[in-house]
Amino acid sequence: MPGSNFKEKRLDIAEIFVSLQGEGAHTGLPTFFVRLAGCNLRCQWCDTVYAQKPLNKFFSLSEILKLWEQRGCLPFIQITGGEPLLQEAVYDLMKQFLARGATVLLETNGSLSLKKVPGKVVKIMDIKTPSSGMEKYNNYSNLAYLTLKDQVKFVIADRRDYDWAKETLFRYYLPFYTQVLFSPVYGRLDPRELASWIIRDLLPVRFQIQLHKFLWGNRPGV
Ligand code: SF4
């Protein structure tokens, strides 16, 4: 806005793209993805290493909204990272999309408070398993902000992770107030093995595989 002190909020972005939602309750739906740059964790099996550090590729909120409009105003938005909650302007971005009637999914590593996330946003929160090396950063007070529309995700690399996730599931009574996802680390744990453990233990969790990995390997989409 020329001649004023107005400075539009900006976000450091790793990538913006359209693809099929690869995980969780919205799997398979065409989705507009906004991946923010920068992460406060360093998971052993991170599959988005390119988004761990700030990239200084700034987009204003109106530029992001314009890209969304150019891609047909898809009703499903995923805000991911990196860790999206590290950037203050992400709250305004979520509100802008909600105001336009979109369903907003927020994927977060679970280490930062969810307190300021608008209630209508679908929160997909990691609980980091031992194999990630980041288990000590889990912020369990965030569980108070989750409801049945939200999801917690355990990414499981081996039997030790599975046993730990199972114990955590019951310690916090997770399936009583939120959805629970168990997902194998791609290329490290055979999905059939994880599926058989879940069935044998009659666990009230959703088994999932990362659809996009099976379609396109490590690329996010076509
Ligand atoms: S929290 Fe996510 S982006 Fe950050 S290091 Fe772990 S897997 Fe990678």
# chains A, B, ... in the order shown; residues from 1 in each chain; ligands from 1
>>> residues_near_ligand(ligand="ligand 1", cutoff="12 Å", atoms="only C-alpha atoms and all ligand atoms", output="ChimeraX atom specification")
/A:14,35-54,80-86,107-112,124-129,131-135,137-138,153-155,185
>>> closest_atom_pairs(of="region 77-151 of chain A", to="region 167-184 of chain A", cutoff="8 Å", atoms="only C-alpha atoms", output="tab-separated table")
residue	atom	partner	partner_atom	distance
A:Leu146	CA	A:Thr178	CA	6.2
A:Thr147	CA	A:Thr178	CA	5.0
A:Leu148	CA	A:Thr178	CA	4.1
A:Lys149	CA	A:Thr178	CA	6.7
A:Asp150	CA	A:Thr178	CA	5.8
A:Gln151	CA	A:Gln179	CA	4.5
>>> residues_around(residues="region 64-67 of chain A", least_positions_apart="4", cutoff="10 Å", atoms="only C-alpha atoms", output="PDB file with C-alpha atoms, in the first residue's frame")
ATOM      1  CA  ARG A  10       5.117 -12.817   4.847  1.00  0.00           C
ATOM      2  CA  LEU A  11       6.058 -16.437   5.263  1.00  0.00           C
ATOM      3  CA  ILE A  13       8.093 -21.003   2.055  1.00  0.00           C
ATOM      4  CA  ILE A  16       3.599 -24.647  -2.712  1.00  0.00           C
ATOM      5  CA  PHE A  17       1.964 -27.349  -4.765  1.00  0.00           C
ATOM      6  CA  PHE A  32      -3.408 -27.320  -1.917  1.00  0.00           C
ATOM      7  CA  VAL A  34       1.791 -24.853   1.645  1.00  0.00           C
ATOM      8  CA  PHE A  59       5.698 -14.999   0.009  1.00  0.00           C
ATOM      9  CA  SER A  60       3.117 -12.506   1.242  1.00  0.00           C
ATOM     10  CA  ARG A  71      -5.300 -23.461  -8.713  1.00  0.00           C
ATOM     11  CA  GLY A  72      -9.062 -23.541  -8.572  1.00  0.00           C
ATOM     12  CA  CYS A  73      -9.698 -22.630  -4.897  1.00  0.00           C
ATOM     13  CA  LEU A  93      -2.827 -17.544   6.897  1.00  0.00           C
ATOM     14  CA  GLN A  96      -7.628 -16.265   5.824  1.00  0.00           C
ATOM     15  CA  PHE A  97      -8.276 -19.728   4.400  1.00  0.00           C
ATOM     16  CA  ARG A 100     -12.895 -18.373   2.557  1.00  0.00           C
TER      17      ARG A 100
END
>>> atom_distance(atom1="CA of Glu15 (chain A)", atom2="CA of Ile77 (chain A)")
13.5 Å
>>> closest_residue(among="A:Asn142, A:Val205, A:Lys9, A:Ile198", to="Ser62 (chain A)", atoms="only C-alpha atoms")
A:Lys9
>>> select_by_dssp(residues="region 73-113 of chain A", states="helix (DSSP H, G or I)", output="VMD selection string")
chain A and resid 84 to 86 90 to 99
>>> write_last_selection(atoms="C-alpha atoms", output="mmCIF file, in the first residue's frame")
data_model
loop_
_atom_site.group_PDB
_atom_site.id
_atom_site.type_symbol
_atom_site.label_atom_id
_atom_site.label_comp_id
_atom_site.auth_asym_id
_atom_site.auth_seq_id
_atom_site.Cartn_x
_atom_site.Cartn_y
_atom_site.Cartn_z
ATOM 1 C CA PRO A 84 4.760 -24.318 10.450
ATOM 2 C CA LEU A 85 4.103 -22.940 13.940
ATOM 3 C CA LEU A 86 7.581 -21.394 14.073
ATOM 4 C CA VAL A 90 0.913 -18.739 9.846
ATOM 5 C CA TYR A 91 -1.972 -17.964 12.215
ATOM 6 C CA ASP A 92 -3.227 -15.250 9.886
ATOM 7 C CA LEU A 93 -2.827 -17.544 6.897
ATOM 8 C CA MET A 94 -4.990 -20.198 8.567
ATOM 9 C CA LYS A 95 -7.626 -17.571 9.402
ATOM 10 C CA GLN A 96 -7.628 -16.265 5.824
ATOM 11 C CA PHE A 97 -8.276 -19.728 4.400
ATOM 12 C CA LEU A 98 -10.959 -20.469 7.011
ATOM 13 C CA ALA A 99 -12.679 -17.175 6.180
#
>>> closest_residue(among="A:Val122, A:Leu55, A:Leu29, A:Leu61", to="Lys7 (chain A)", atoms="only C-alpha atoms")
A:Leu61
>>> atom_distance(atom1="CA of Asp163 (chain A)", atom2="CA of Tyr186 (chain A)")
18.5 Å
>>> atom_distance(atom1="CA of Trp164 (chain A)", atom2="CA of Leu202 (chain A)")
15.8 Å
>>> select_by_dssp(residues="chain A", states="strand (DSSP E or B)", output="number ranges by chain")
A: 10-20, 30-36, 58-60, 76-80, 103-108, 122-126, 151-156, 179-184, 206-207
>>> residues_around(residues="Leu189 (chain A)", least_positions_apart="5", cutoff="8 Å", atoms="only C-alpha atoms", output="ChimeraX atom specification")
/A:156-158,184,194
>>> decode(residues="region 178-208 of chain A", atoms="C-alpha atoms", output="PDB file, in the first residue's frame")
ATOM      1  CA  THR A 178      -8.912 -37.915  18.999  1.00  0.00           C
ATOM      2  CA  GLN A 179      -8.019 -40.010  15.956  1.00  0.00           C
ATOM      3  CA  VAL A 180      -4.809 -42.006  16.074  1.00  0.00           C
ATOM      4  CA  LEU A 181      -2.648 -42.843  13.058  1.00  0.00           C
ATOM      5  CA  PHE A 182       0.103 -45.459  12.973  1.00  0.00           C
ATOM      6  CA  SER A 183       2.345 -45.052   9.936  1.00  0.00           C
ATOM      7  CA  PRO A 184       5.439 -47.104   8.981  1.00  0.00           C
ATOM      8  CA  VAL A 185       8.659 -45.291   8.071  1.00  0.00           C
ATOM      9  CA  TYR A 186       8.810 -45.625   4.290  1.00  0.00           C
ATOM     10  CA  GLY A 187      11.530 -48.035   3.185  1.00  0.00           C
ATOM     11  CA  ARG A 188      12.382 -49.034   6.743  1.00  0.00           C
ATOM     12  CA  LEU A 189       9.465 -51.000   8.186  1.00  0.00           C
ATOM     13  CA  ASP A 190       7.405 -53.371   6.047  1.00  0.00           C
ATOM     14  CA  PRO A 191       3.826 -51.988   6.148  1.00  0.00           C
ATOM     15  CA  ARG A 192       2.483 -55.566   6.313  1.00  0.00           C
ATOM     16  CA  GLU A 193       4.404 -56.147   9.511  1.00  0.00           C
ATOM     17  CA  LEU A 194       2.927 -53.063  11.176  1.00  0.00           C
ATOM     18  CA  ALA A 195      -0.551 -54.031   9.950  1.00  0.00           C
ATOM     19  CA  SER A 196      -0.223 -57.506  11.460  1.00  0.00           C
ATOM     20  CA  TRP A 197       0.917 -56.133  14.843  1.00  0.00           C
ATOM     21  CA  ILE A 198      -2.120 -53.817  14.956  1.00  0.00           C
ATOM     22  CA  ILE A 199      -4.532 -56.614  14.082  1.00  0.00           C
ATOM     23  CA  ARG A 200      -2.971 -59.034  16.552  1.00  0.00           C
ATOM     24  CA  ASP A 201      -3.228 -56.464  19.373  1.00  0.00           C
ATOM     25  CA  LEU A 202      -6.702 -55.199  18.306  1.00  0.00           C
ATOM     26  CA  LEU A 203      -5.447 -51.622  18.582  1.00  0.00           C
ATOM     27  CA  PRO A 204      -8.049 -48.857  18.072  1.00  0.00           C
ATOM     28  CA  VAL A 205      -5.847 -46.955  15.611  1.00  0.00           C
ATOM     29  CA  ARG A 206      -5.906 -46.185  11.911  1.00  0.00           C
ATOM     30  CA  PHE A 207      -3.132 -47.925   9.971  1.00  0.00           C
ATOM     31  CA  GLN A 208      -1.912 -45.780   7.106  1.00  0.00           C
TER      32      GLN A 208
END
